[in-house]
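Shown next: query-v2.pdb, given as PDB, C-alpha atoms and all ligand atoms.
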```pdb
ATOM      1  CA  MET A 777       6.247  19.677   8.100
ATOM      2  CA  ALA A 778       6.105  17.245   5.184
ATOM      3  CA  GLU A 779       5.738  18.562   1.654
ATOM      4  CA  PRO A 780       2.116  18.836   0.475
ATOM      5  CA  ILE A 781       1.056  15.897  -1.665
ATOM      6  CA  LEU A 782      -0.613  18.238  -4.154
ATOM      7  CA  LYS A 783       0.035  21.897  -4.682
ATOM      8  CA  ALA A 784      -1.208  24.433  -7.234
ATOM      9  CA  ILE A 785       0.441  27.792  -7.810
ATOM     10  CA  GLY A 786      -1.175  30.515  -9.917
ATOM     11  CA  VAL A 787      -3.216  28.236 -12.176
ATOM     12  CA  ASN A 788      -5.039  29.972 -15.034
ATOM     13  CA  LYS A 789      -7.601  28.681 -17.497
ATOM     14  CA  SER A 790      -9.742  30.531 -20.047
ATOM     15  CA  PHE A 791     -12.339  29.318 -22.525
ATOM     16  CA  GLY A 792     -12.067  31.833 -25.346
ATOM     17  CA  SER A 793     -12.778  35.187 -23.704
ATOM     18  CA  VAL A 794     -14.228  33.589 -20.528
ATOM     19  CA  VAL A 795     -11.660  33.542 -17.726
ATOM     20  CA  ALA A 796     -12.729  30.443 -15.763
ATOM     21  CA  LEU A 797      -9.704  30.343 -13.414
ATOM     22  CA  SER A 798      -7.431  33.197 -12.485
ATOM     23  CA  SER A 799      -4.302  32.475 -10.465
ATOM     24  CA  ILE A 800      -5.657  29.628  -8.327
ATOM     25  CA  SER A 801      -3.366  28.305  -5.597
ATOM     26  CA  PHE A 802      -3.704  25.736  -2.817
ATOM     27  CA  GLU A 803      -1.851  23.090  -0.867
ATOM     28  CA  LEU A 804      -3.202  19.675   0.114
ATOM     29  CA  ASN A 805      -1.399  17.433   2.590
ATOM     30  CA  ALA A 806      -1.553  13.644   2.763
ATOM     31  CA  GLY A 807      -4.689  12.445   4.540
ATOM     32  CA  GLU A 808      -6.259  15.894   4.451
ATOM     33  CA  VAL A 809      -9.779  16.698   3.241
ATOM     34  CA  MET A 810     -10.165  20.032   1.457
ATOM     35  CA  GLY A 811     -13.570  21.509   0.710
ATOM     36  CA  LEU A 812     -13.811  23.379  -2.593
ATOM     37  CA  VAL A 813     -16.772  25.726  -2.466
ATOM     38  CA  GLY A 814     -18.199  28.584  -4.483
ATOM     39  CA  ASP A 815     -21.325  29.687  -6.278
ATOM     40  CA  ASN A 816     -22.343  28.293  -9.666
ATOM     41  CA  GLY A 817     -19.808  29.380 -12.268
ATOM     42  CA  ALA A 818     -17.094  30.015  -9.665
ATOM     43  CA  GLY A 819     -14.766  27.603 -11.456
ATOM     44  CA  LYS A 820     -14.908  24.516  -9.219
ATOM     45  CA  SER A 821     -15.538  21.976 -11.960
ATOM     46  CA  THR A 822     -13.024  23.612 -14.283
ATOM     47  CA  PHE A 823     -10.402  23.500 -11.571
ATOM     48  CA  ILE A 824     -10.832  19.815 -10.821
ATOM     49  CA  LYS A 825     -10.869  19.073 -14.553
ATOM     50  CA  VAL A 826      -7.483  20.760 -14.779
ATOM     51  CA  LEU A 827      -6.231  18.681 -11.840
ATOM     52  CA  SER A 828      -7.568  15.460 -13.334
ATOM     53  CA  GLY A 829      -6.275  15.876 -16.874
ATOM     54  CA  VAL A 830      -9.580  16.687 -18.612
ATOM     55  CA  HIS A 831      -8.539  20.289 -19.373
ATOM     56  CA  ARG A 832      -5.036  21.636 -19.987
ATOM     57  CA  ARG A 833      -4.248  24.720 -17.962
ATOM     58  CA  ASP A 834      -3.066  27.911 -19.670
ATOM     59  CA  GLY A 835      -0.535  28.756 -16.997
ATOM     60  CA  GLY A 836       0.663  28.158 -13.459
ATOM     61  CA  ASP A 837       2.219  25.149 -11.759
ATOM     62  CA  ILE A 838       0.809  21.949 -10.323
ATOM     63  CA  ILE A 839       3.137  19.895  -8.168
ATOM     64  CA  PHE A 840       2.130  16.363  -7.222
ATOM     65  CA  LYS A 841       4.312  14.257  -4.922
ATOM     66  CA  GLY A 842       7.181  16.681  -5.455
ATOM     67  CA  LYS A 843       7.039  16.661  -9.248
ATOM     68  CA  HIS A 844       5.728  19.263 -11.686
ATOM     69  CA  ILE A 845       2.926  17.646 -13.632
ATOM     70  CA  ASP A 846       1.050  18.434 -16.817
ATOM     71  CA  PHE A 847      -1.510  15.714 -17.421
ATOM     72  CA  LYS A 848      -2.609  15.425 -21.025
ATOM     73  CA  SER A 849      -5.479  13.025 -20.341
ATOM     74  CA  PRO A 850      -7.539  11.670 -17.432
ATOM     75  CA  LYS A 851      -5.651   8.399 -17.806
ATOM     76  CA  GLU A 852      -2.344  10.121 -17.071
ATOM     77  CA  ALA A 853      -3.817  11.611 -13.897
ATOM     78  CA  MET A 854      -5.264   8.252 -12.826
ATOM     79  CA  ASP A 855      -1.999   6.428 -13.532
ATOM     80  CA  ALA A 856      -0.195   9.014 -11.394
ATOM     81  CA  GLY A 857      -2.618   8.579  -8.479
ATOM     82  CA  ILE A 858      -5.370  11.203  -8.821
ATOM     83  CA  GLU A 859      -8.858   9.702  -9.145
ATOM     84  CA  THR A 860     -11.975  11.781  -9.785
ATOM     85  CA  VAL A 861     -15.594  10.957  -9.062
ATOM     86  CA  TYR A 862     -17.606  13.118 -11.469
ATOM     87  CA  GLN A 863     -21.166  14.264 -10.967
ATOM     88  CA  ASP A 864     -22.438  11.753 -13.519
ATOM     89  CA  LEU A 865     -20.418   8.998 -11.734
ATOM     90  CA  ALA A 866     -19.522   7.251 -15.024
ATOM     91  CA  LEU A 867     -21.006   3.894 -13.985
ATOM     92  CA  ALA A 868     -22.456   1.173 -16.207
ATOM     93  CA  PRO A 869     -25.971   0.432 -14.835
ATOM     94  CA  GLN A 870     -26.297  -2.852 -16.731
ATOM     95  CA  LEU A 871     -23.202  -4.296 -15.056
ATOM     96  CA  PRO A 872     -22.813  -5.623 -11.506
ATOM     97  CA  ILE A 873     -20.956  -3.780  -8.762
ATOM     98  CA  TYR A 874     -17.760  -5.771  -9.105
ATOM     99  CA  ALA A 875     -17.540  -5.176 -12.877
ATOM    100  CA  ASN A 876     -18.068  -1.446 -12.396
ATOM    101  CA  MET A 877     -15.157  -1.344  -9.973
ATOM    102  CA  PHE A 878     -12.934  -2.712 -12.747
ATOM    103  CA  LEU A 879     -14.380  -0.768 -15.676
ATOM    104  CA  GLY A 880     -11.537  -0.326 -18.155
ATOM    105  CA  ARG A 881      -9.115  -2.126 -15.826
ATOM    106  CA  GLU A 882     -10.481  -5.675 -15.919
ATOM    107  CA  ILE A 883      -8.392  -8.520 -14.551
ATOM    108  CA  MET A 884      -7.717 -10.983 -17.352
ATOM    109  CA  LYS A 885      -7.254 -14.698 -16.905
ATOM    110  CA  LYS A 886      -3.624 -15.700 -16.951
ATOM    111  CA  GLY A 887      -2.076 -18.084 -19.455
ATOM    112  CA  ILE A 888      -3.271 -18.818 -22.956
ATOM    113  CA  LEU A 889      -6.838 -17.732 -22.249
ATOM    114  CA  GLY A 890      -5.658 -14.291 -21.218
ATOM    115  CA  LYS A 891      -4.556 -13.707 -24.754
ATOM    116  CA  LEU A 892      -8.103 -14.352 -25.888
ATOM    117  CA  GLY A 893      -9.297 -11.570 -23.647
ATOM    118  CA  VAL A 894     -11.206 -13.588 -21.044
ATOM    119  CA  VAL A 895     -11.919 -11.597 -17.906
ATOM    120  CA  ASP A 896     -11.354 -13.244 -14.556
ATOM    121  CA  LYS A 897     -14.687 -12.595 -12.845
ATOM    122  CA  ASP A 898     -13.821 -14.588  -9.740
ATOM    123  CA  ALA A 899     -10.602 -12.655  -9.187
ATOM    124  CA  MET A 900     -12.479  -9.375  -9.587
ATOM    125  CA  ARG A 901     -15.278 -10.445  -7.216
ATOM    126  CA  LYS A 902     -12.738 -11.486  -4.602
ATOM    127  CA  GLU A 903     -10.785  -8.251  -4.891
ATOM    128  CA  VAL A 904     -13.933  -6.117  -4.639
ATOM    129  CA  LYS A 905     -15.141  -8.031  -1.571
ATOM    130  CA  GLU A 906     -11.789  -7.387   0.088
ATOM    131  CA  ARG A 907     -11.941  -3.699  -0.774
ATOM    132  CA  LEU A 908     -15.440  -3.342   0.597
ATOM    133  CA  ALA A 909     -14.405  -5.092   3.782
ATOM    134  CA  ARG A 910     -11.576  -2.589   4.294
ATOM    135  CA  ILE A 911     -13.854   0.453   4.291
ATOM    136  CA  LYS A 912     -17.163   1.334   5.871
ATOM    137  CA  SER A 913     -19.112   0.761   2.690
ATOM    138  CA  HIS A 914     -22.775  -0.151   2.824
ATOM    139  CA  LEU A 915     -22.464  -2.346  -0.247
ATOM    140  CA  ASN A 916     -22.723  -6.051   0.378
ATOM    141  CA  HIS A 917     -23.638  -7.895  -2.781
ATOM    142  CA  VAL A 918     -20.974  -7.512  -5.411
ATOM    143  CA  ASP A 919     -23.160  -9.190  -8.051
ATOM    144  CA  GLN A 920     -25.992  -6.684  -7.736
ATOM    145  CA  LEU A 921     -26.548  -4.669 -10.927
ATOM    146  CA  VAL A 922     -25.620  -1.022 -10.453
ATOM    147  CA  GLY A 923     -28.862   0.005 -12.184
ATOM    148  CA  THR A 924     -30.820  -1.426  -9.238
ATOM    149  CA  LEU A 925     -28.879   0.533  -6.579
ATOM    150  CA  SER A 926     -30.029   3.688  -4.825
ATOM    151  CA  GLY A 927     -28.311   7.016  -5.524
ATOM    152  CA  GLY A 928     -26.235   6.733  -2.367
ATOM    153  CA  GLN A 929     -25.151   3.214  -3.153
ATOM    154  CA  ARG A 930     -24.119   4.275  -6.661
ATOM    155  CA  GLN A 931     -22.107   7.106  -5.192
ATOM    156  CA  ALA A 932     -20.480   4.554  -2.875
ATOM    157  CA  VAL A 933     -19.587   2.353  -5.855
ATOM    158  CA  ALA A 934     -17.949   5.286  -7.646
ATOM    159  CA  ILE A 935     -16.048   6.370  -4.533
ATOM    160  CA  THR A 936     -14.973   2.848  -3.644
ATOM    161  CA  ARG A 937     -13.750   2.402  -7.202
ATOM    162  CA  ALA A 938     -11.716   5.590  -6.933
ATOM    163  CA  ILE A 939     -10.049   4.685  -3.652
ATOM    164  CA  GLY A 940      -9.692   1.048  -4.659
ATOM    165  CA  TRP A 941      -6.792   1.827  -6.903
ATOM    166  CA  GLY A 942      -4.561   2.741  -3.993
ATOM    167  CA  LYS A 943      -4.824   6.375  -4.895
ATOM    168  CA  ASP A 944      -3.233   9.359  -3.238
ATOM    169  CA  VAL A 945      -5.899  11.915  -4.030
ATOM    170  CA  VAL A 946      -9.613  11.412  -4.633
ATOM    171  CA  ILE A 947     -11.602  14.342  -6.027
ATOM    172  CA  MET A 948     -15.394  14.345  -5.601
ATOM    173  CA  ASP A 949     -17.624  16.775  -7.484
ATOM    174  CA  GLU A 950     -20.781  17.277  -5.401
ATOM    175  CA  PRO A 951     -21.144  13.655  -4.246
ATOM    176  CA  THR A 952     -24.084  14.427  -1.968
ATOM    177  CA  ALA A 953     -25.963  16.808  -4.286
ATOM    178  CA  ALA A 954     -28.634  14.332  -5.392
ATOM    179  CA  LEU A 955     -28.850  12.332  -2.167
ATOM    180  CA  GLY A 956     -31.239  12.201   0.760
ATOM    181  CA  VAL A 957     -30.208  12.693   4.372
ATOM    182  CA  LYS A 958     -29.383   9.059   5.151
ATOM    183  CA  GLU A 959     -27.484   8.501   1.926
ATOM    184  CA  SER A 960     -25.544  11.737   2.334
ATOM    185  CA  ARG A 961     -24.576  10.528   5.787
ATOM    186  CA  GLN A 962     -23.147   7.334   4.287
ATOM    187  CA  VAL A 963     -21.070   9.306   1.785
ATOM    188  CA  LEU A 964     -19.785  11.630   4.529
ATOM    189  CA  ASP A 965     -18.815   8.615   6.624
ATOM    190  CA  LEU A 966     -17.033   7.171   3.630
ATOM    191  CA  ILE A 967     -15.026  10.389   3.226
ATOM    192  CA  LYS A 968     -13.982  10.232   6.886
ATOM    193  CA  ASP A 969     -12.995   6.623   6.392
ATOM    194  CA  ILE A 970     -10.919   7.405   3.295
ATOM    195  CA  LYS A 971      -9.112  10.103   5.250
ATOM    196  CA  ALA A 972      -8.416   7.624   8.048
ATOM    197  CA  HIS A 973      -6.669   5.489   5.440
ATOM    198  CA  GLY A 974      -4.321   8.377   4.597
ATOM    199  CA  VAL A 975      -5.875   9.323   1.267
ATOM    200  CA  SER A 976      -6.373  13.033   0.526
ATOM    201  CA  VAL A 977      -9.757  14.243  -0.663
ATOM    202  CA  ILE A 978     -10.964  17.326  -2.513
ATOM    203  CA  PHE A 979     -14.670  17.606  -1.744
ATOM    204  CA  ILE A 980     -16.858  19.951  -3.779
ATOM    205  CA  SER A 981     -20.205  20.734  -2.217
ATOM    206  CA  HIS A 982     -22.865  23.424  -1.952
ATOM    207  CA  THR A 983     -23.990  21.984   1.371
ATOM    208  CA  ILE A 984     -21.840  23.966   3.776
ATOM    209  CA  PRO A 985     -22.734  21.912   6.892
ATOM    210  CA  HIS A 986     -21.365  18.828   5.098
ATOM    211  CA  VAL A 987     -18.218  20.758   4.244
ATOM    212  CA  MET A 988     -17.865  21.935   7.853
ATOM    213  CA  GLU A 989     -18.243  18.368   9.082
ATOM    214  CA  VAL A 990     -15.745  16.442   6.976
ATOM    215  CA  THR A 991     -13.060  18.902   5.886
ATOM    216  CA  ASP A 992      -9.805  20.093   7.445
ATOM    217  CA  LYS A 993      -9.592  23.174   5.252
ATOM    218  CA  ILE A 994     -11.840  25.083   2.889
ATOM    219  CA  HIS A 995     -10.878  26.796  -0.351
ATOM    220  CA  VAL A 996     -13.422  29.335  -1.563
ATOM    221  CA  LEU A 997     -13.599  30.277  -5.241
ATOM    222  CA  ARG A 998     -15.504  33.256  -6.536
ATOM    223  CA  LEU A 999     -15.687  34.212 -10.222
ATOM    224  CA  GLY A1000     -12.622  32.105 -10.966
ATOM    225  CA  GLU A1001     -10.453  33.466  -8.159
ATOM    226  CA  SER A1002      -9.257  32.009  -4.851
ATOM    227  CA  VAL A1003     -10.900  34.312  -2.310
ATOM    228  CA  ALA A1004     -10.216  32.418   0.913
ATOM    229  CA  HIS A1005      -8.194  29.551   2.355
ATOM    230  CA  LEU A1006      -9.774  28.706   5.706
ATOM    231  CA  ASN A1007      -9.017  26.189   8.436
ATOM    232  CA  THR A1008     -12.327  24.494   9.058
ATOM    233  CA  LYS A1009     -11.961  24.491  12.828
ATOM    234  CA  ASP A1010     -11.219  28.231  12.848
ATOM    235  CA  THR A1011     -14.124  29.349  10.672
ATOM    236  CA  THR A1012     -17.906  29.300  10.784
ATOM    237  CA  TYR A1013     -20.776  28.491   8.473
ATOM    238  CA  GLU A1014     -21.562  32.217   8.288
ATOM    239  CA  GLU A1015     -18.033  33.219   7.341
ATOM    240  CA  VAL A1016     -17.838  30.596   4.576
ATOM    241  CA  VAL A1017     -21.140  31.822   3.122
ATOM    242  CA  GLN A1018     -19.930  35.434   3.286
ATOM    243  CA  TYR A1019     -16.851  34.537   1.245
ATOM    244  CA  ILE A1020     -18.950  32.602  -1.268
ATOM    245  CA  THR A1021     -21.425  35.446  -1.804
ATOM    246  CA  GLY A1022     -18.825  38.198  -1.738
ATOM    247  CA  SER A1023     -20.159  40.017   1.316
ATOM    248  CA  LYS A1024     -16.678  39.277   2.723
ATOM    249  CA  CYS A1025     -13.603  39.580   0.492
TER     250      CYS A1025
HETATM  251  N1  LIG B1101     -16.078  23.965 -21.664
HETATM  252  C1  LIG B1101     -16.359  25.253 -21.404
HETATM  253  N2  LIG B1101     -16.426  26.174 -22.401
HETATM  254  C2  LIG B1101     -16.676  27.471 -22.145
HETATM  255  N3  LIG B1101     -16.870  27.972 -20.904
HETATM  256  C3  LIG B1101     -16.816  27.107 -19.875
HETATM  257  C4  LIG B1101     -16.554  25.718 -20.060
HETATM  258  N4  LIG B1101     -16.564  25.112 -18.847
HETATM  259  C5  LIG B1101     -16.805  26.080 -17.949
HETATM  260  N5  LIG B1101     -16.957  27.286 -18.571
HETATM  261  C6  LIG B1101     -17.188  28.574 -17.899
HETATM  262  O1  LIG B1101     -16.222  28.703 -16.880
HETATM  263  C7  LIG B1101     -16.786  29.266 -15.713
HETATM  264  C8  LIG B1101     -16.621  28.324 -14.531
HETATM  265  O2  LIG B1101     -17.484  27.194 -14.700
HETATM  266  P1  LIG B1101     -17.447  25.905 -13.786
HETATM  267  O3  LIG B1101     -16.035  25.490 -13.591
HETATM  268  O4  LIG B1101     -18.361  24.906 -14.366
HETATM  269  O5  LIG B1101     -18.032  26.457 -12.417
HETATM  270  P2  LIG B1101     -18.650  25.681 -11.152
HETATM  271  O6  LIG B1101     -18.318  24.234 -11.271
HETATM  272  O7  LIG B1101     -18.019  26.345  -9.971
HETATM  273  O8  LIG B1101     -20.129  25.926 -11.202
HETATM  274  C9  LIG B1101     -18.224  29.588 -16.044
HETATM  275  O9  LIG B1101     -18.287  30.926 -16.490
HETATM  276  C10 LIG B1101     -18.518  28.630 -17.187
HETATM  277  O10 LIG B1101     -19.537  29.126 -18.007
HETATM  278 MG    MG B1102     -19.603  22.438 -11.267
END
```

Show me this structure written as structure tokens.
Amino acid sequence: MAEPILKAIGVNKSFGSVVALSSISFELNAGEVMGLVGDNGAGKSTFIKVLSGVHRRDGGDIIFKGKHIDFKSPKEAMDAGIETVYQDLALAPQLPIYANMFLGREIMKKGILGKLGVVDKDAMRKEVKERLARIKSHLNHVDQLVGTLSGGQRQAVAITRAIGWGKDVVIMDEPTAALGVKESRQVLDLIKDIKAHGVSVIFISHTIPHVMEVTDKIHVLRLGESVAHLNTKDTTYEEVVQYITGSKC
């Protein structure tokens, strides 16, 4: 068995006297989708913020591609290969799709003009079109302003941006929470597609049927602790809910 691409061992994090994470452990293999579930306040967002360099952990180990890591900023995590799609998506509504895909990483024109800071819009458009063609995205018009897109399409922009950087791990914090049935379906299909491309996904969701559908394994947090590591095919909706609510320990 190959080494997990990402592994956490006994990760702790407190905010003052609030213990948000207590000895959290998991293993994620390449091309695997892990559901991260738990009630409000269970520690899901804190945990992914630790993984993505937003928060520093107080203790424990995180091993990514065989190396111990301690990201000091989100940029360090992104440079290493961990991309996160946050609940607020961090998109610029006044900019078109292609520009959002390159936010903070714009392609500059080569030669003398590059020094003047001129962005190469055509190169970015071309690259984004190629990316969209590689995945089952429902986005067609790269010049459309993000502010005019539906919630599902915006989610798709944020996810496509994350996977567009050739990343090893994409973390998604409740990507379907604000979406309707059809749009949720598109995001779930996108997750399956990402997995088919060998990228690993950590998928946070309160919608257990979605978690049952797209994940290989499920990690349940309760009050900052890891209470269950389940293989999706060996568990049931009912069992997952029992672990979340604490009727099963
Ligand atoms: N920046 C913060 N400062 C203080 N407490 C926090 C902070 N972020 C999260 N917490 C606390 O940590 C716990 C876990 O929160 P969170 O990770 O947001 O849970 P979840 O995403 O599972 O709903 C909660 O008790 C929350 O109030
Ligand atoms: Mg949260």

Note to self: Around ligand MG 1102 (chain B), out to 9 Å and counting all atoms listed in the file, which residues are there? I want them as a list in words.
What the structure shows: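 Answer in the requested format: Asp815, Asn816, Gly817, Ala818, Gly819, Lys820, Ser821, Thr822, Gln863, Asp949, Glu950 and Ile980 of chain A.
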
Check: So what do you get for atom CA of A:Ser798 versus atom CA of A:Glu1001, distance-wise?
Finding: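 About the pair atom CA of A:Ser798 and atom CA of A:Glu1001: they are 5.3 Å apart.
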
Report, as JSON, the centre and edge lengths in Å (one decimal) of the axis-aligned box enclosing every listed atom of ligand LIG 1101 (chain B), padded by 3 Å on each side.
```
{"center_x": -18.1, "center_y": 27.4, "center_z": -16.2, "size_x": 10.1, "size_y": 13.0, "size_z": 18.4}
```

Next item on the list: Can you work out which one of A:Gln1018, A:Ser981, A:Gln920, A:Thr1012 has the shortest atom-to-atom distance to ligand LIG 1101 (chain B), counting all atoms listed in the file?
Entry: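 Selected residue with least distance to ligand LIG 1101 (chain B): A:Ser981.
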
Next item on the list: For atom CA of A:Ala934 and atom CA of A:Ile873, determine how far apart the two atoms are, in Å to one decimal place.
Entry: 9.6 Å

What are the closest atom pairs, with distances in Å to one decimal, for all residues of stretch 837-912 of chain A lying within 12 Å of stretch 943-947 of chain A? Consider only C-alpha atoms, order rows by chain and residue number, and present the result as a tab-separated table.
```
residue	atom	partner	partner_atom	distance
A:Phe840	CA	A:Asp944	CA	9.7
A:Lys841	CA	A:Asp944	CA	9.2
A:Ala853	CA	A:Val945	CA	10.1
A:Met854	CA	A:Lys943	CA	8.2
A:Asp855	CA	A:Lys943	CA	9.1
A:Ala856	CA	A:Lys943	CA	8.4
A:Gly857	CA	A:Lys943	CA	4.8
A:Ile858	CA	A:Val945	CA	4.9
A:Glu859	CA	A:Val946	CA	4.9
A:Thr860	CA	A:Ile947	CA	4.6
A:Val861	CA	A:Ile947	CA	6.1
A:Tyr862	CA	A:Ile947	CA	8.2
A:Gln863	CA	A:Ile947	CA	10.8
A:Leu865	CA	A:Ile947	CA	11.8
```

Next item on the list: Could you check how far atom CA of A:His917 sits from atom CA of A:Gly807, in Å to one decimal?
Entry: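 Computed distance, atom CA of A:His917 to atom CA of A:Gly807, equals 28.7 Å.
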
Check: Using the chain letters and numbers from the file, which residues does the PyMOL selection byres (((chain A and resi 988) around 10) and not hetatm) grab, as a ChimeraX atom specification?
Finding: /A:811,983-987,989-994,1007-1009,1011-1013,1016

Check: From the list A:His982, A:Lys902, A:His1005, A:His831, which residue is nearest A:Ala875 when using only C-alpha atoms?
Finding: A:Lys902

Margin query: Here is a test: counting only C-alpha atoms and all ligand atoms, which residue of A:Asn876, A:Ser976, A:Ser1002, A:Ser801 is nearest to ligand LIG 1101 (chain B)?
Written below: A:Ser1002

Next item on the list: Find the residue from A:Gly940, A:Gly835, A:Ile935, A:Gln929 that sits nearest to A:Met900; use only C-alpha atoms when measuring.
Entry: A:Gly940

Note to self: Going by the chain IDs and residue numbers used in this file, which residues fall under the PyMOL selection byres (((chain A and resi 1019) around 9) and not hetatm)? Write them as a count of residues only.
What the structure shows: 17

All residues 10 Å or closer to A:Val957, only C-alpha atoms, same chain fewer than 5 positions away omitted, as a short mmCIF file (atom, residue, chain, number, x, y, z; two decimals) with C-alpha atoms, in the frame of the given file:
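The result, written out as selection-v3.cif:
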```cif
data_model
loop_
_atom_site.label_atom_id
_atom_site.label_comp_id
_atom_site.auth_asym_id
_atom_site.auth_seq_id
_atom_site.Cartn_x
_atom_site.Cartn_y
_atom_site.Cartn_z
CA GLY A 928 -26.24 6.73 -2.37
CA THR A 952 -24.08 14.43 -1.97
CA GLN A 962 -23.15 7.33 4.29
#
```

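Counting only C-alpha atoms and all ligand atoms, the residue from A:Leu797, A:Ile781, A:Ala938, A:Val922 that sits nearest to ligand LIG 1101 (chain B) is A:Leu797.
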
Item checked: Non-local contacts of A:Arg833 (9 Å; only C-alpha atoms; under 6 positions in same chain excluded) as a list in words ->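 My reading of the contact set: Val787, Asn788, Lys789, Ser790, Phe823, Val826, Leu827 and Asp846 of chain A.
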